[in-house]
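Student: What follows is final.pdb, made up of PDB, C-alpha atoms, pLDDT in the B column:
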```pdb
MODEL        1
ATOM      1  CA  ASP A   1     218.475 122.053 180.689  1.00 55.00           C
ATOM      2  CA  THR A   2     218.451 123.954 183.975  1.00 78.00           C
ATOM      3  CA  GLY A   3     217.702 127.429 182.656  1.00 92.00           C
ATOM      4  CA  VAL A   4     214.699 129.618 183.399  1.00 96.00           C
ATOM      5  CA  SER A   5     211.474 128.162 182.019  1.00 96.00           C
ATOM      6  CA  GLN A   6     208.151 129.862 181.374  1.00 98.00           C
ATOM      7  CA  ASP A   7     204.733 128.475 180.651  1.00 97.00           C
ATOM      8  CA  PRO A   8     202.838 128.916 178.426  1.00 97.00           C
ATOM      9  CA  ARG A   9     204.976 130.221 175.589  1.00 97.00           C
ATOM     10  CA  HIS A  10     201.990 131.778 173.854  1.00 97.00           C
ATOM     11  CA  LYS A  11     198.582 132.838 175.120  1.00 97.00           C
ATOM     12  CA  ILE A  12     195.725 134.295 173.124  1.00 98.00           C
ATOM     13  CA  THR A  13     192.817 135.585 175.169  1.00 98.00           C
ATOM     14  CA  LYS A  14     189.787 137.763 174.755  1.00 98.00           C
ATOM     15  CA  ARG A  15     189.557 141.150 176.362  1.00 97.00           C
ATOM     16  CA  GLY A  16     188.190 140.926 179.874  1.00 97.00           C
ATOM     17  CA  GLN A  17     189.461 137.420 180.579  1.00 98.00           C
ATOM     18  CA  ASN A  18     191.992 136.556 183.291  1.00 98.00           C
ATOM     19  CA  VAL A  19     195.322 134.934 182.458  1.00 98.00           C
ATOM     20  CA  THR A  20     198.079 133.420 184.575  1.00 98.00           C
ATOM     21  CA  PHE A  21     201.693 132.791 183.614  1.00 98.00           C
ATOM     22  CA  ARG A  22     204.247 130.644 185.389  1.00 98.00           C
ATOM     23  CA  CYS A  23     207.995 131.040 185.750  1.00 98.00           C
ATOM     24  CA  ASP A  24     210.447 128.462 187.086  1.00 97.00           C
ATOM     25  CA  PRO A  25     213.798 130.104 187.859  1.00 96.00           C
ATOM     26  CA  ILE A  26     217.214 128.505 187.974  1.00 93.00           C
ATOM     27  CA  SER A  27     217.019 126.379 191.112  1.00 89.00           C
ATOM     28  CA  GLU A  28     219.714 128.044 193.211  1.00 84.00           C
ATOM     29  CA  HIS A  29     218.658 131.610 192.341  1.00 89.00           C
ATOM     30  CA  ASN A  30     216.956 133.547 195.139  1.00 90.00           C
ATOM     31  CA  ARG A  31     216.006 136.591 193.078  1.00 91.00           C
ATOM     32  CA  LEU A  32     213.230 136.535 190.517  1.00 95.00           C
ATOM     33  CA  TYR A  33     212.130 139.370 188.226  1.00 96.00           C
ATOM     34  CA  TRP A  34     209.262 139.968 185.839  1.00 97.00           C
ATOM     35  CA  TYR A  35     209.662 142.250 182.835  1.00 97.00           C
ATOM     36  CA  ARG A  36     207.374 143.210 179.979  1.00 97.00           C
ATOM     37  CA  GLN A  37     208.533 143.862 176.435  1.00 95.00           C
ATOM     38  CA  THR A  38     206.457 145.509 173.730  1.00 94.00           C
ATOM     39  CA  LEU A  39     207.320 145.847 170.047  1.00 90.00           C
ATOM     40  CA  GLY A  40     210.324 148.058 169.410  1.00 89.00           C
ATOM     41  CA  GLN A  41     211.118 148.473 173.084  1.00 93.00           C
ATOM     42  CA  GLY A  42     213.496 146.896 175.524  1.00 95.00           C
ATOM     43  CA  PRO A  43     212.240 144.891 178.489  1.00 96.00           C
ATOM     44  CA  GLU A  44     210.661 147.027 181.220  1.00 95.00           C
ATOM     45  CA  PHE A  45     210.835 146.073 184.901  1.00 94.00           C
ATOM     46  CA  LEU A  46     207.551 145.014 186.513  1.00 96.00           C
ATOM     47  CA  THR A  47     208.350 143.426 189.872  1.00 95.00           C
ATOM     48  CA  TYR A  48     211.047 141.702 191.938  1.00 91.00           C
ATOM     49  CA  PHE A  49     211.122 138.892 194.510  1.00 93.00           C
ATOM     50  CA  GLN A  50     213.823 138.010 196.989  1.00 90.00           C
ATOM     51  CA  ASN A  51     212.874 134.458 197.941  1.00 91.00           C
ATOM     52  CA  GLU A  52     209.108 134.641 198.611  1.00 92.00           C
ATOM     53  CA  ALA A  53     209.047 138.355 199.445  1.00 91.00           C
ATOM     54  CA  GLN A  54     207.873 140.776 196.757  1.00 91.00           C
ATOM     55  CA  LEU A  55     210.135 143.722 197.384  1.00 88.00           C
ATOM     56  CA  GLU A  56     209.276 146.144 194.619  1.00 87.00           C
ATOM     57  CA  LYS A  57     206.550 146.773 192.086  1.00 90.00           C
ATOM     58  CA  SER A  58     206.837 149.147 189.147  1.00 90.00           C
ATOM     59  CA  ARG A  59     204.173 151.767 188.534  1.00 88.00           C
ATOM     60  CA  LEU A  60     203.592 149.835 185.299  1.00 83.00           C
ATOM     61  CA  LEU A  61     202.023 147.098 187.421  1.00 86.00           C
ATOM     62  CA  SER A  62     198.415 148.220 187.740  1.00 88.00           C
ATOM     63  CA  ASP A  63     195.937 146.804 190.244  1.00 92.00           C
ATOM     64  CA  ARG A  64     194.882 144.250 187.648  1.00 95.00           C
ATOM     65  CA  PHE A  65     198.300 142.611 187.889  1.00 96.00           C
ATOM     66  CA  SER A  66     199.387 140.385 190.750  1.00 95.00           C
ATOM     67  CA  ALA A  67     202.497 138.294 191.184  1.00 96.00           C
ATOM     68  CA  GLU A  68     203.321 135.640 193.720  1.00 96.00           C
ATOM     69  CA  ARG A  69     206.211 133.413 194.665  1.00 96.00           C
ATOM     70  CA  PRO A  70     204.679 131.410 197.514  1.00 90.00           C
ATOM     71  CA  LYS A  71     207.504 129.039 198.360  1.00 86.00           C
ATOM     72  CA  GLY A  72     210.403 131.040 197.056  1.00 84.00           C
ATOM     73  CA  SER A  73     210.716 128.807 194.000  1.00 90.00           C
ATOM     74  CA  PHE A  74     208.379 129.250 191.026  1.00 96.00           C
ATOM     75  CA  SER A  75     206.403 132.439 190.470  1.00 97.00           C
ATOM     76  CA  THR A  76     203.071 133.272 188.869  1.00 98.00           C
ATOM     77  CA  LEU A  77     201.941 136.486 187.221  1.00 98.00           C
ATOM     78  CA  GLU A  78     198.179 136.985 186.906  1.00 97.00           C
ATOM     79  CA  ILE A  79     196.464 139.637 184.826  1.00 97.00           C
ATOM     80  CA  GLN A  80     192.795 140.198 185.562  1.00 97.00           C
ATOM     81  CA  ARG A  81     190.307 141.711 183.117  1.00 97.00           C
ATOM     82  CA  THR A  82     192.845 141.816 180.317  1.00 97.00           C
ATOM     83  CA  GLU A  83     192.956 144.806 177.970  1.00 96.00           C
ATOM     84  CA  GLN A  84     194.394 145.080 174.476  1.00 96.00           C
ATOM     85  CA  GLY A  85     197.211 147.192 175.861  1.00 95.00           C
ATOM     86  CA  ASP A  86     198.368 144.185 177.887  1.00 96.00           C
ATOM     87  CA  SER A  87     199.481 142.463 174.680  1.00 97.00           C
ATOM     88  CA  ALA A  88     203.234 142.019 175.084  1.00 96.00           C
ATOM     89  CA  MET A  89     206.001 139.539 175.777  1.00 96.00           C
ATOM     90  CA  TYR A  90     206.239 138.797 179.510  1.00 97.00           C
ATOM     91  CA  LEU A  91     209.747 137.822 180.530  1.00 98.00           C
ATOM     92  CA  CYS A  92     210.922 136.218 183.730  1.00 98.00           C
ATOM     93  CA  ALA A  93     214.522 136.392 184.915  1.00 96.00           C
ATOM     94  CA  SER A  94     216.423 135.062 187.899  1.00 94.00           C
ATOM     95  CA  SER A  95     219.746 135.786 189.545  1.00 90.00           C
ATOM     96  CA  PRO A  96     221.725 134.541 192.534  1.00 83.00           C
ATOM     97  CA  SER A  97     221.721 136.565 195.720  1.00 72.00           C
ATOM     98  CA  ALA A  98     225.474 137.090 195.761  1.00 64.00           C
ATOM     99  CA  VAL A  99     226.495 140.599 196.704  1.00 61.00           C
ATOM    100  CA  LEU A 100     226.445 142.969 193.726  1.00 60.00           C
ATOM    101  CA  SER A 101     225.418 140.233 191.316  1.00 65.00           C
ATOM    102  CA  TYR A 102     223.744 141.970 188.427  1.00 80.00           C
ATOM    103  CA  GLU A 103     223.626 139.345 185.708  1.00 87.00           C
ATOM    104  CA  GLN A 104     220.073 138.134 185.226  1.00 92.00           C
ATOM    105  CA  TYR A 105     219.175 135.035 183.275  1.00 93.00           C
ATOM    106  CA  PHE A 106     216.016 135.212 181.231  1.00 96.00           C
ATOM    107  CA  GLY A 107     213.471 132.658 180.241  1.00 97.00           C
ATOM    108  CA  PRO A 108     212.016 132.415 176.717  1.00 96.00           C
ATOM    109  CA  GLY A 109     209.029 134.569 177.629  1.00 97.00           C
ATOM    110  CA  THR A 110     205.261 134.255 177.340  1.00 97.00           C
ATOM    111  CA  ARG A 111     203.753 136.132 174.417  1.00 97.00           C
ATOM    112  CA  LEU A 112     200.283 137.418 175.306  1.00 97.00           C
ATOM    113  CA  THR A 113     197.833 138.521 172.637  1.00 97.00           C
ATOM    114  CA  VAL A 114     194.590 140.109 173.791  1.00 98.00           C
ATOM    115  CA  THR A 115     191.906 140.231 171.100  1.00 96.00           C
TER     116      THR A 115
ATOM    117  CA  ASP B 116     212.163 159.422 180.237  1.00 71.00           C
ATOM    118  CA  GLN B 117     214.480 156.998 178.456  1.00 82.00           C
ATOM    119  CA  GLN B 118     217.409 156.594 180.820  1.00 93.00           C
ATOM    120  CA  VAL B 119     219.276 154.176 178.556  1.00 96.00           C
ATOM    121  CA  LYS B 120     219.395 155.024 174.867  1.00 96.00           C
ATOM    122  CA  GLN B 121     220.455 153.082 171.833  1.00 97.00           C
ATOM    123  CA  ASN B 122     220.139 155.559 169.004  1.00 93.00           C
ATOM    124  CA  SER B 123     220.838 153.163 166.149  1.00 95.00           C
ATOM    125  CA  PRO B 124     217.867 150.870 165.557  1.00 95.00           C
ATOM    126  CA  SER B 125     219.845 148.792 163.064  1.00 97.00           C
ATOM    127  CA  LEU B 126     223.377 148.100 161.874  1.00 97.00           C
ATOM    128  CA  SER B 127     224.729 146.006 158.993  1.00 98.00           C
ATOM    129  CA  VAL B 128     228.315 144.759 158.982  1.00 98.00           C
ATOM    130  CA  GLN B 129     230.282 142.559 156.622  1.00 98.00           C
ATOM    131  CA  GLU B 130     231.327 139.184 158.004  1.00 98.00           C
ATOM    132  CA  GLY B 131     234.846 139.323 159.439  1.00 97.00           C
ATOM    133  CA  ARG B 132     234.734 143.075 160.093  1.00 98.00           C
ATOM    134  CA  ILE B 133     234.225 144.836 163.417  1.00 98.00           C
ATOM    135  CA  SER B 134     230.720 145.565 164.727  1.00 98.00           C
ATOM    136  CA  ILE B 135     230.388 148.530 167.087  1.00 98.00           C
ATOM    137  CA  LEU B 136     227.162 149.024 169.001  1.00 98.00           C
ATOM    138  CA  ASN B 137     226.647 152.155 171.056  1.00 98.00           C
ATOM    139  CA  CYS B 138     224.678 153.022 174.165  1.00 98.00           C
ATOM    140  CA  ASP B 139     224.199 156.233 176.160  1.00 97.00           C
ATOM    141  CA  TYR B 140     222.745 156.683 179.621  1.00 97.00           C
ATOM    142  CA  THR B 141     221.530 159.653 181.606  1.00 95.00           C
ATOM    143  CA  ASN B 142     221.267 158.403 185.195  1.00 91.00           C
ATOM    144  CA  SER B 143     224.547 158.990 187.014  1.00 91.00           C
ATOM    145  CA  MET B 144     223.479 156.462 189.673  1.00 89.00           C
ATOM    146  CA  PHE B 145     224.020 153.609 187.225  1.00 92.00           C
ATOM    147  CA  ASP B 146     227.265 151.830 188.033  1.00 89.00           C
ATOM    148  CA  TYR B 147     226.948 148.489 186.291  1.00 92.00           C
ATOM    149  CA  PHE B 148     226.258 147.880 182.638  1.00 95.00           C
ATOM    150  CA  LEU B 149     225.381 144.783 180.674  1.00 95.00           C
ATOM    151  CA  TRP B 150     224.845 143.724 177.084  1.00 97.00           C
ATOM    152  CA  TYR B 151     222.241 141.156 176.135  1.00 97.00           C
ATOM    153  CA  LYS B 152     221.685 139.442 172.819  1.00 97.00           C
ATOM    154  CA  LYS B 153     218.236 138.382 171.695  1.00 95.00           C
ATOM    155  CA  TYR B 154     217.184 136.030 168.924  1.00 93.00           C
ATOM    156  CA  PRO B 155     213.544 135.980 167.730  1.00 88.00           C
ATOM    157  CA  ALA B 156     211.173 133.983 169.962  1.00 83.00           C
ATOM    158  CA  GLU B 157     213.814 133.660 172.688  1.00 89.00           C
ATOM    159  CA  GLY B 158     214.547 135.567 175.871  1.00 93.00           C
ATOM    160  CA  PRO B 159     217.569 137.866 176.122  1.00 95.00           C
ATOM    161  CA  THR B 160     220.888 136.093 176.683  1.00 95.00           C
ATOM    162  CA  PHE B 161     223.559 137.706 178.848  1.00 94.00           C
ATOM    163  CA  LEU B 162     226.660 138.535 176.834  1.00 96.00           C
ATOM    164  CA  ILE B 163     229.114 140.689 178.762  1.00 96.00           C
ATOM    165  CA  SER B 164     229.135 143.271 181.541  1.00 94.00           C
ATOM    166  CA  ILE B 165     231.267 146.036 183.007  1.00 94.00           C
ATOM    167  CA  SER B 166     231.467 147.754 186.345  1.00 92.00           C
ATOM    168  CA  SER B 167     231.906 151.512 186.536  1.00 92.00           C
ATOM    169  CA  ILE B 168     235.289 151.037 188.211  1.00 92.00           C
ATOM    170  CA  LYS B 169     236.610 149.725 184.894  1.00 93.00           C
ATOM    171  CA  ASP B 170     236.754 151.245 181.442  1.00 95.00           C
ATOM    172  CA  LYS B 171     237.137 148.010 179.471  1.00 97.00           C
ATOM    173  CA  ASN B 172     236.130 144.388 179.758  1.00 96.00           C
ATOM    174  CA  GLU B 173     236.963 141.713 177.227  1.00 97.00           C
ATOM    175  CA  ASP B 174     235.594 138.225 176.653  1.00 96.00           C
ATOM    176  CA  GLY B 175     236.734 136.470 173.520  1.00 97.00           C
ATOM    177  CA  ARG B 176     235.435 138.343 170.476  1.00 98.00           C
ATOM    178  CA  PHE B 177     233.433 140.752 172.633  1.00 98.00           C
ATOM    179  CA  THR B 178     234.782 143.886 174.300  1.00 98.00           C
ATOM    180  CA  VAL B 179     232.795 146.509 176.160  1.00 98.00           C
ATOM    181  CA  PHE B 180     234.170 150.010 176.664  1.00 98.00           C
ATOM    182  CA  LEU B 181     232.827 152.466 179.228  1.00 97.00           C
ATOM    183  CA  ASN B 182     233.333 156.247 179.169  1.00 97.00           C
ATOM    184  CA  LYS B 183     231.822 157.489 182.420  1.00 95.00           C
ATOM    185  CA  SER B 184     232.421 161.158 181.779  1.00 95.00           C
ATOM    186  CA  ALA B 185     230.463 160.914 178.530  1.00 96.00           C
ATOM    187  CA  LYS B 186     227.941 158.441 179.991  1.00 96.00           C
ATOM    188  CA  HIS B 187     228.591 156.243 176.978  1.00 97.00           C
ATOM    189  CA  LEU B 188     229.406 152.609 176.440  1.00 97.00           C
ATOM    190  CA  SER B 189     230.035 150.528 173.372  1.00 98.00           C
ATOM    191  CA  LEU B 190     230.204 146.867 172.460  1.00 98.00           C
ATOM    192  CA  HIS B 191     232.802 145.744 169.944  1.00 98.00           C
ATOM    193  CA  ILE B 192     232.505 142.401 168.200  1.00 98.00           C
ATOM    194  CA  VAL B 193     235.506 141.295 166.188  1.00 97.00           C
ATOM    195  CA  PRO B 194     235.533 139.451 163.924  1.00 98.00           C
ATOM    196  CA  SER B 195     231.794 139.526 163.250  1.00 98.00           C
ATOM    197  CA  GLN B 196     230.177 136.205 162.375  1.00 97.00           C
ATOM    198  CA  PRO B 197     226.783 135.381 160.808  1.00 96.00           C
ATOM    199  CA  GLY B 198     225.611 133.911 164.124  1.00 95.00           C
ATOM    200  CA  ASP B 199     226.019 137.347 165.683  1.00 97.00           C
ATOM    201  CA  SER B 200     222.968 138.565 163.777  1.00 97.00           C
ATOM    202  CA  ALA B 201     220.473 139.392 166.532  1.00 97.00           C
ATOM    203  CA  VAL B 202     219.048 142.304 168.510  1.00 97.00           C
ATOM    204  CA  TYR B 203     221.461 143.671 171.105  1.00 98.00           C
ATOM    205  CA  PHE B 204     220.222 145.400 174.236  1.00 98.00           C
ATOM    206  CA  CYS B 205     222.239 147.585 176.528  1.00 97.00           C
ATOM    207  CA  ALA B 206     221.126 147.498 180.182  1.00 96.00           C
ATOM    208  CA  ALA B 207     222.135 149.353 183.323  1.00 95.00           C
ATOM    209  CA  SER B 208     221.746 148.954 187.062  1.00 91.00           C
ATOM    210  CA  GLY B 209     222.969 150.573 190.257  1.00 84.00           C
ATOM    211  CA  SER B 210     224.365 149.307 193.544  1.00 72.00           C
ATOM    212  CA  ASN B 211     222.340 151.916 195.405  1.00 65.00           C
ATOM    213  CA  PHE B 212     219.022 150.728 194.033  1.00 62.00           C
ATOM    214  CA  GLY B 213     218.750 147.749 196.345  1.00 61.00           C
ATOM    215  CA  ASN B 214     217.087 145.481 193.857  1.00 65.00           C
ATOM    216  CA  GLU B 215     219.512 145.319 190.931  1.00 75.00           C
ATOM    217  CA  LYS B 216     216.672 145.747 188.474  1.00 88.00           C
ATOM    218  CA  LEU B 217     217.829 146.354 184.941  1.00 92.00           C
ATOM    219  CA  THR B 218     216.920 149.355 182.822  1.00 94.00           C
ATOM    220  CA  PHE B 219     217.148 148.494 179.134  1.00 97.00           C
ATOM    221  CA  GLY B 220     217.666 150.461 175.962  1.00 97.00           C
ATOM    222  CA  THR B 221     215.449 149.942 172.927  1.00 96.00           C
ATOM    223  CA  GLY B 222     217.913 147.657 171.158  1.00 97.00           C
ATOM    224  CA  THR B 223     219.983 147.611 167.984  1.00 98.00           C
ATOM    225  CA  ARG B 224     219.344 144.997 165.307  1.00 97.00           C
ATOM    226  CA  LEU B 225     222.696 143.752 164.025  1.00 98.00           C
ATOM    227  CA  THR B 226     222.836 142.016 160.664  1.00 98.00           C
ATOM    228  CA  ILE B 227     226.046 140.327 159.584  1.00 98.00           C
ATOM    229  CA  ILE B 228     226.343 140.103 155.828  1.00 97.00           C
ATOM    230  CA  PRO B 229     228.137 136.942 154.608  1.00 93.00           C
TER     231      PRO B 229
ENDMDL
END
```
Using structure tokens, write down the structure that the file contains.
Tutor:
Amino acid sequence: DTGVSQDPRHKITKRGQNVTFRCDPISEHNRLYWYRQTLGQGPEFLTYFQNEAQLEKSRLLSDRFSAERPKGSFSTLEIQRTEQGDSAMYLCASSPSAVLSYEQYFGPGTRLTVT
Amino acid sequence: DQQVKQNSPSLSVQEGRISILNCDYTNSMFDYFLWYKKYPAEGPTFLISISSIKDKNEDGRFTVFLNKSAKHLSLHIVPSQPGDSAVYFCAASGSNFGNEKLTFGTGTRLTIIP
């Protein structure tokens, strides 16, 4: 299967701990996105990479959040000093860099529970 | 401010009948619209899309209609099948945004009754 993969699928952590999630996009896709989804809501945009460059960050992404895509392939999303409000599904998506290509392909997500 | 709205949280349809899911948007800069389907414990799966230069796009049992003047789009599924039971999200993007990020609605849970 050559779809988007995310690891881990589930993470339970205590408030104040740091967590890191990984996303492996579809191999030929240059664009990579992170979204967050809470109960009863649709996914909300967090940040976007074109190759290794992080081109946009949402105001939802506080200073405790950092994302990287060092070699333009996989990406990591780190949350420092987790809070209960960080509990959500974190989704990664990728898309090709063709002009006006809007379809994004999502991974299964990482469900974070902060206790 | 919810720029993409799905006002029906849930919808039940008899198997074999037509399912119609609706979506409204407020941002006139949106010019590309997508529908995603989501099963529990999985990520959203792309279903069908439409550009603002069209008013209809069809793919098998799925048809999306766009009414730009009303800022409204709908997804028609016919005939509906039990495997169509899922949460459906409407999403929008714009060619002027430069990043093609998607703005999603809150979803409609579709249940197909056998």
Student: What does the distance between CA of Asn30 in chain A and CA of Gln50 in chain A come to in Å, to one decimal place?
Tutor: 5.8 Å
Student: Translate the ChimeraX specification (/A :<12) & /B, as applied to the file shown, into an explicit residue set as a PyMOL selection string.
Tutor: chain B and resi 117-121+124-125+145-166+202-224
Student: Excluding Asn18 in chain A and its own-chain neighbours fewer than 3 positions away, which residues fall within 6 Å of it when counting all atoms listed in the file? Please give them as a list in words.
Tutor: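 Listing them by chain and then by number gives Ile79, Gln80 and Arg81 of chain A.
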Student: Using Å and a single decimal, report how far CA of Ile168 in chain B sits from CA of Met144 in chain B.
Tutor: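 These atoms are spaced 13.1 Å apart.
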Student: Excluding range 176-189 of chain B and its own-chain neighbours fewer than 6 positions away, which residues fall within 7 Å of it when counting all atoms listed in the file? Please give them as a PyMOL selection string.
Tutor: chain B and resi 135-141+170
Student: Would you save the residues from that selection as a CSV table (one decimal), in the coordinates of the input, using C-alpha atoms?
Tutor:
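Wrote it out as again19.csv, contents follow:
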```csv
chain,number,residue,atom,x,y,z
B,135,ILE,CA,230.4,148.5,167.1
B,136,LEU,CA,227.2,149.0,169.0
B,137,ASN,CA,226.6,152.2,171.1
B,138,CYS,CA,224.7,153.0,174.2
B,139,ASP,CA,224.2,156.2,176.2
B,140,TYR,CA,222.7,156.7,179.6
B,141,THR,CA,221.5,159.7,181.6
B,170,ASP,CA,236.8,151.2,181.4
```
Student: Exactly which residues make up the result of the PyMOL selection byres ((chain B and resi 200) around 8) on this file, given as a list in words?
Tutor: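 Answer for the PyMOL selection byres ((chain B and resi 200) around 8): Gln196, Pro197, Gly198, Asp199, Ala201, Val202, Arg224, Leu225, Thr226 and Ile227 of chain B.
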Student: Determine, counting all atoms listed in the file, which protein, DNA and RNA residues have an atom within 12 Å of an atom of Lys11 in chain A; residues of the same chain fewer than 2 positions away are not included. Present the result as a short mmCIF file (atom, residue, chain, number, x, y, z; two decimals) with C-alpha atoms, in the coordinates of the input.
Tutor:
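Full text of part_30.cif as output:
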```cif
data_model
loop_
_atom_site.label_atom_id
_atom_site.label_comp_id
_atom_site.auth_asym_id
_atom_site.auth_seq_id
_atom_site.Cartn_x
_atom_site.Cartn_y
_atom_site.Cartn_z
CA GLN A 6 208.15 129.86 181.37
CA ASP A 7 204.73 128.48 180.65
CA PRO A 8 202.84 128.92 178.43
CA ARG A 9 204.98 130.22 175.59
CA THR A 13 192.82 135.58 175.17
CA LYS A 14 189.79 137.76 174.76
CA GLN A 17 189.46 137.42 180.58
CA ASN A 18 191.99 136.56 183.29
CA VAL A 19 195.32 134.93 182.46
CA THR A 20 198.08 133.42 184.58
CA PHE A 21 201.69 132.79 183.61
CA ARG A 22 204.25 130.64 185.39
CA THR A 82 192.84 141.82 180.32
CA ASP A 86 198.37 144.18 177.89
CA SER A 87 199.48 142.46 174.68
CA ALA A 88 203.23 142.02 175.08
CA MET A 89 206.00 139.54 175.78
CA TYR A 90 206.24 138.80 179.51
CA GLY A 109 209.03 134.57 177.63
CA THR A 110 205.26 134.26 177.34
CA ARG A 111 203.75 136.13 174.42
CA LEU A 112 200.28 137.42 175.31
CA THR A 113 197.83 138.52 172.64
CA VAL A 114 194.59 140.11 173.79
CA THR A 115 191.91 140.23 171.10
#
```
Student: Could you give me the centre and size, in Å to one decimal, of an axis-aligned box around all listed atoms of range 147-157 of chain B with 6 Å added on every side, as AutoDock Vina command-line options?
Tutor:
```
--center_x 219.1 --center_y 141.1 --center_z 177.0 --size_x 27.8 --size_y 26.8 --size_z 30.6
```
Student: Taking into account only C-alpha atoms, which residue in the set A:Ser97, A:Ser5, A:Gln54, A:Thr38 is nearest to Phe74 in chain A?
Tutor: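 Closest to Phe74 in chain A, using only C-alpha atoms: A:Ser5.
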Student: Which distance in Å separates CA of Arg64 in chain A and CA of Asp116 in chain B, to one decimal?
Tutor: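 Spanning CA of Arg64 in chain A to CA of Asp116 in chain B is a straight-line distance of 24.2 Å.
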Student: Which residues, named as in the file, does the PyMOL selection byres ((chain B and resi 128-134) around 6) pick out? Answer as a list in words.
Tutor: Ser127, Ile135, His191, Ile192, Val193, Pro194, Ser195, Gln196, Ile227, Ile228 and Pro229 of chain B
Student: Restricting the calculation to all atoms listed in the file: of A:Glu28, A:Glu68, A:Arg15, A:Ser58, which residue gets closest to Gln84 in chain A?
Tutor: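 Smallest distance to Gln84 in chain A is found for A:Arg15.
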